[in-house]
Amino acid sequence: MSDIKVLWVDDEIDLLKPHILFLENKNYKVTTAQSGTEALEEIKKDAFDIVFLDENMPGLTGLETLSEIKEQQASLPVVMITKSEEEYIMEEAIGSKIADYLIKPVNPNQILLSLKKNLDHSRLVSEKTTSNYQQEFRKIAMDMSMINTYEGWVELYQKLVYWELELEAIEDTGMFEILESQKTEANTQFCKFIDKEYPKWFDDADAPTMSHTLFREKVAPELKTGQPTLLVVIDNLRYDQWKAFEPFVSNAYKKIKEEMFCSILPTATQYARNAIFSGLMPSDMEKLHPDLWLNDTDEGGKNMNEEAFLAAQLKRLGMQLEWSYHKISSLKQGKRLVDNFKQHKEEDLTVVVYNFVDMLSHSKTEMEVIKELASTDKSYRSLTQSWFKNSPLMEIVQQAAHLGFKLIITTDHGTINVKNPSKVIGDKNTSLNLRYKTGKSLTYEDKDVLAAKQPKSIHLPSINMSSSFIFAKGDLFFAYPNNYNHYVSYYRNTYQHGGVSLEEMIIPFAVLDPK
């Protein structure tokens, strides 16, 4: 505290002697100046932490002095003090990025508060955040052992993400480690819950909304208003990533509702996203649309028929709409949609599938530079935020708001940073995904997986009579014994999906209206 230097600029500085003594008693070092010119000289000579600046002075006015200070030191906080409440002075000062605005006569406590707000702010926020999380930590730990509903897990996961984002800002590594261990424990308990409850949901009227019921239960009711709707499905989008770029969407849209729904297993694009568009579980897609569904072992792209699946679902639901479907996997495709977006304003539904986050998580595995940029959840969020802010999708969202579209943003599944390998052995036809495997004669560590020996029991196709599915729990990933060490070091700390975790299964669905 003793090394905080304050410059106080006022042409009647002698009248402020009591205020200055008050601050010096609090260990602030105060330098005074009686004019703008004198203040600028002081700033050249010494490094100040903050400036209190009178607006109404002879010679250089406060506003003129302010702009000179900002030219010399843009980041130096300046608190403007004025007798006048005239709006234009406030606007000018705020436009010049002042740190605070006080109206005379000021009392010593106002000055102290302004100092604390501007100089101690990050420390005070940090201490408050840390103590609040310490209290919440105990509550979360107690709640975790008692959760027995999907809604309970949604609430807990949202709490964990809230604290992750709060603690992220204060750089307290100790607190972060506690939160990480709490997330790991939460995933252990969540896997037990899914193992027990997931198979029952397919015959339960009170089951949570899942991938295959999302369109019918959540999207279709929004389409009955007559307002054009833009449905954006961002592949691989976790809840925390949505929270990271939500503020940019909020510039053009106000949120009506934000809910979470449950991705089906495997939490992989070809299963979960096809389920959203078809309104069917994979075993039913295979049965009803053998021409559209491809299994893991089949040749060809597994998500090539989403438009046809959606057409069939709309027909089944008796919904006669004007609609179009667009898949964006490159910058060029994104820009083309930006250029042509206006022609969709007469449609009831415009569907955009955006593949950036998926490409990011896969390129993180392939490219060293992306591994560097997205080595933690924090940097992964930051990269997603930066992408969205500068992407064609942002432009599409802005155009949609301007044209009066309702906006729905959702995803097919989330993703998790995998840390620990689990050995698995399968034949050459075993699927390649790191977080789930399907095939016959799979050998694996029982404790590491959620196994479906009868895939039909969770509405998944059996590729042959004896094939089963296994899903990796928590932050595990599957590795084959041959070339094990190379494989493990290559994939450890990359983002993968297909398994069972809060991050992959509890995913966002947000409905927004233009401002």
# chains A, B, ... in the order shown; residues from 1 in each chain; ligands from 1

call {"tool": "residues_around", "arguments": {"residues": "A:Gly404", "least_positions_apart": "2", "cutoff": "12 Å", "atoms": "only C-alpha atoms", "output": "list in words"}}
result
Gly226, Gln227, Pro228, Thr229, Leu230, Ala252, Tyr253, Lys342, His344, Lys345, Glu346, Glu347, Asp348, Val397, Gln398, Gln399, Ala400, Ala401, His402, Lys406, Leu407, Leu512, Asp513, Pro514 and Lys515 of chain A

call {"tool": "closest_atom_pairs", "arguments": {"of": "stretch 370-442 of chain A", "to": "stretch 496-510 of chain A", "cutoff": "8 Å", "atoms": "only C-alpha atoms", "output": "Markdown table"}}
result
| residue | atom | partner | partner_atom | distance |
| --- | --- | --- | --- | --- |
| A:Ile408 | CA | A:Ala510 | CA | 5.6 |
| A:Ile409 | CA | A:Ala510 | CA | 5.3 |
| A:Thr410 | CA | A:Phe509 | CA | 4.6 |
| A:Thr411 | CA | A:Pro508 | CA | 6.9 |
| A:Asp412 | CA | A:Ile507 | CA | 7.9 |
| A:His413 | CA | A:Glu504 | CA | 5.4 |
| A:Gly414 | CA | A:Glu504 | CA | 3.7 |
| A:Thr415 | CA | A:His497 | CA | 4.7 |
| A:Ile416 | CA | A:Gln496 | CA | 5.6 |
| A:Asn417 | CA | A:Gln496 | CA | 6.5 |
| A:Val418 | CA | A:Gln496 | CA | 6.6 |
| A:Asn433 | CA | A:Gly498 | CA | 7.2 |
| A:Leu434 | CA | A:Gln496 | CA | 7.1 |
| A:Arg435 | CA | A:Gly499 | CA | 4.8 |
| A:Tyr436 | CA | A:Gly498 | CA | 5.4 |

call {"tool": "write_last_selection", "arguments": {"atoms": "N, CA and C atoms", "output": "PDB file, in the first residue's frame"}}
result
ATOM      1  N   ILE A 408     -31.844 -19.603 -32.324  1.00  0.00           N
ATOM      2  CA  ILE A 408     -31.653 -20.749 -31.421  1.00  0.00           C
ATOM      3  C   ILE A 408     -30.212 -21.222 -31.600  1.00  0.00           C
ATOM      4  N   ILE A 409     -29.469 -21.273 -30.508  1.00  0.00           N
ATOM      5  CA  ILE A 409     -28.090 -21.792 -30.575  1.00  0.00           C
ATOM      6  C   ILE A 409     -28.015 -23.055 -29.736  1.00  0.00           C
ATOM      7  N   THR A 410     -27.464 -24.110 -30.347  1.00  0.00           N
ATOM      8  CA  THR A 410     -27.301 -25.361 -29.609  1.00  0.00           C
ATOM      9  C   THR A 410     -26.114 -26.126 -30.186  1.00  0.00           C
ATOM     10  N   THR A 411     -25.993 -27.389 -29.783  1.00  0.00           N
ATOM     11  CA  THR A 411     -24.862 -28.211 -30.216  1.00  0.00           C
ATOM     12  C   THR A 411     -25.282 -29.668 -30.220  1.00  0.00           C
ATOM     13  N   ASP A 412     -24.379 -30.538 -30.671  1.00  0.00           N
ATOM     14  CA  ASP A 412     -24.700 -31.968 -30.679  1.00  0.00           C
ATOM     15  C   ASP A 412     -24.111 -32.696 -29.465  1.00  0.00           C
ATOM     16  N   HIS A 413     -22.965 -32.231 -28.991  1.00  0.00           N
ATOM     17  CA  HIS A 413     -22.320 -32.845 -27.822  1.00  0.00           C
ATOM     18  C   HIS A 413     -21.174 -31.936 -27.411  1.00  0.00           C
ATOM     19  N   GLY A 414     -20.614 -32.178 -26.217  1.00  0.00           N
ATOM     20  CA  GLY A 414     -19.461 -31.407 -25.778  1.00  0.00           C
ATOM     21  C   GLY A 414     -18.181 -32.193 -25.994  1.00  0.00           C
ATOM     22  N   THR A 415     -17.160 -31.827 -25.250  1.00  0.00           N
ATOM     23  CA  THR A 415     -15.850 -32.449 -25.434  1.00  0.00           C
ATOM     24  C   THR A 415     -15.089 -32.356 -24.115  1.00  0.00           C
ATOM     25  N   ILE A 416     -14.096 -33.221 -23.920  1.00  0.00           N
ATOM     26  CA  ILE A 416     -13.351 -33.196 -22.654  1.00  0.00           C
ATOM     27  C   ILE A 416     -11.858 -33.335 -22.921  1.00  0.00           C
ATOM     28  N   ASN A 417     -11.080 -32.674 -22.077  1.00  0.00           N
ATOM     29  CA  ASN A 417      -9.624 -32.767 -22.170  1.00  0.00           C
ATOM     30  C   ASN A 417      -9.212 -34.102 -21.545  1.00  0.00           C
ATOM     31  N   VAL A 418      -8.697 -35.013 -22.384  1.00  0.00           N
ATOM     32  CA  VAL A 418      -8.405 -36.365 -21.867  1.00  0.00           C
ATOM     33  C   VAL A 418      -7.001 -36.403 -21.272  1.00  0.00           C
ATOM     34  N   ASN A 433     -12.672 -44.297 -32.652  1.00  0.00           N
ATOM     35  CA  ASN A 433     -12.819 -43.187 -31.714  1.00  0.00           C
ATOM     36  C   ASN A 433     -12.087 -43.464 -30.390  1.00  0.00           C
ATOM     37  N   LEU A 434     -11.511 -42.413 -29.795  1.00  0.00           N
ATOM     38  CA  LEU A 434     -10.727 -42.579 -28.566  1.00  0.00           C
ATOM     39  C   LEU A 434     -11.581 -42.676 -27.312  1.00  0.00           C
ATOM     40  N   ARG A 435     -12.854 -42.260 -27.387  1.00  0.00           N
ATOM     41  CA  ARG A 435     -13.698 -42.210 -26.180  1.00  0.00           C
ATOM     42  C   ARG A 435     -14.796 -43.278 -26.199  1.00  0.00           C
ATOM     43  N   TYR A 436     -15.019 -43.915 -27.345  1.00  0.00           N
ATOM     44  CA  TYR A 436     -15.916 -45.077 -27.349  1.00  0.00           C
ATOM     45  C   TYR A 436     -15.393 -46.079 -28.368  1.00  0.00           C
TER      46      TYR A 436
END

call {"tool": "select_by_dssp", "arguments": {"residues": "stretch 70-207 of chain A", "states": "strand (DSSP E)", "output": "list of chain:residue names"}}
result
A:Val78, A:Val79, A:Met80, A:Ile81, A:Thr82, A:Asp100, A:Tyr101, A:Leu102, A:Ile103

call {"tool": "residues_around", "arguments": {"residues": "stretch 126-130 of chain A", "least_positions_apart": "5", "cutoff": "12 Å", "atoms": "only C-alpha atoms", "output": "PyMOL selection string"}}
result
chain A and resi 120-121+135-137+162-176+178-179

call {"tool": "write_last_selection", "arguments": {"atoms": "C-alpha atoms", "output": "compact mmCIF listing (two decimals), in the first residue's frame"}}
result
# COMPACT_ATOMS: atom_id res chain seq x y z
CA ASP A 120 -7.43 -2.48 -5.12
CA HIS A 121 -10.27 -3.74 -7.28
CA GLN A 135 -17.92 -21.65 1.17
CA GLU A 136 -19.57 -23.04 -1.97
CA PHE A 137 -16.96 -25.84 -2.24
CA TYR A 162 -19.80 -20.64 -12.97
CA TRP A 163 -16.96 -20.99 -10.45
CA GLU A 164 -14.50 -21.98 -13.14
CA LEU A 165 -15.23 -18.73 -15.00
CA GLU A 166 -15.12 -16.69 -11.78
CA LEU A 167 -11.82 -18.17 -10.61
CA GLU A 168 -10.31 -17.94 -14.09
CA ALA A 169 -10.20 -14.16 -13.78
CA ILE A 170 -8.18 -14.11 -10.55
CA GLU A 171 -5.27 -16.43 -11.37
CA ASP A 172 -5.38 -18.31 -8.05
CA THR A 173 -3.75 -21.63 -8.95
CA GLY A 174 -4.47 -23.20 -5.55
CA MET A 175 -8.19 -22.57 -5.89
CA PHE A 176 -8.13 -23.80 -9.47
CA ILE A 178 -9.34 -27.57 -5.84
CA LEU A 179 -11.96 -26.89 -8.52

call {"tool": "closest_atom_pairs", "arguments": {"of": "stretch 377-469 of chain A", "to": "stretch 183-196 of chain A", "cutoff": "12 Å", "atoms": "only C-alpha atoms", "output": "CSV"}}
result
residue,atom,partner,partner_atom,distance
A:Ile416,CA,A:Asn187,CA,10.9
A:Asn417,CA,A:Thr184,CA,11.4
A:Val418,CA,A:Thr184,CA,11.4
A:Lys419,CA,A:Thr184,CA,11.0
A:Asn420,CA,A:Thr184,CA,12.0
A:Lys447,CA,A:Lys192,CA,10.8
A:Asp448,CA,A:Cys191,CA,10.0
A:Val449,CA,A:Cys191,CA,9.0
A:Leu450,CA,A:Asp195,CA,6.4
A:Ala451,CA,A:Asp195,CA,8.5
A:Ala452,CA,A:Asp195,CA,9.5
A:Ile458,CA,A:Asp195,CA,11.0

call {"tool": "select_by_dssp", "arguments": {"residues": "stretch 229-473 of chain A", "states": "helix (DSSP H, G or I)", "output": "number ranges by chain"}}
result
A: 239-249, 269-278, 282-288, 306-316, 331-344, 356-366, 368-373, 377-389, 392-402, 446-448, 455-458

call {"tool": "closest_residue", "arguments": {"among": "A:Ile234, A:Ser379, A:Val338, A:Gln454", "to": "A:Val352", "atoms": "only C-alpha atoms"}}
result
A:Ile234

call {"tool": "atom_distance", "arguments": {"atom1": "atom CA of A:Val233", "atom2": "atom CA of A:Glu259"}}
result
14.6 Å

call {"tool": "closest_atom_pairs", "arguments": {"of": "stretch 109-157 of chain A", "to": "stretch 46-68 of chain A", "cutoff": "9 Å", "atoms": "only C-alpha atoms", "output": "Markdown table"}}
result
| residue | atom | partner | partner_atom | distance |
| --- | --- | --- | --- | --- |
| A:Ile111 | CA | A:Phe52 | CA | 8.9 |
| A:Leu115 | CA | A:Ile50 | CA | 8.0 |
| A:Asn118 | CA | A:Ile50 | CA | 8.3 |
| A:Leu119 | CA | A:Asp49 | CA | 7.8 |

call {"tool": "write_last_selection", "arguments": {"atoms": "C-alpha atoms", "output": "PDB file, in the first residue's frame"}}
result
ATOM      1  CA  ILE A 111     -11.893   9.631  -2.549  1.00  0.00           C
ATOM      2  CA  LEU A 115      -8.926   4.634  -4.954  1.00  0.00           C
ATOM      3  CA  ASN A 118      -9.542   1.535  -9.199  1.00  0.00           C
ATOM      4  CA  LEU A 119      -6.371   0.251  -7.543  1.00  0.00           C
TER       5      LEU A 119
END

call {"tool": "closest_residue", "arguments": {"among": "A:Ile264, A:Arg138, A:Ser462, A:Lys159", "to": "A:Tyr239", "atoms": "only C-alpha atoms"}}
result
A:Lys159
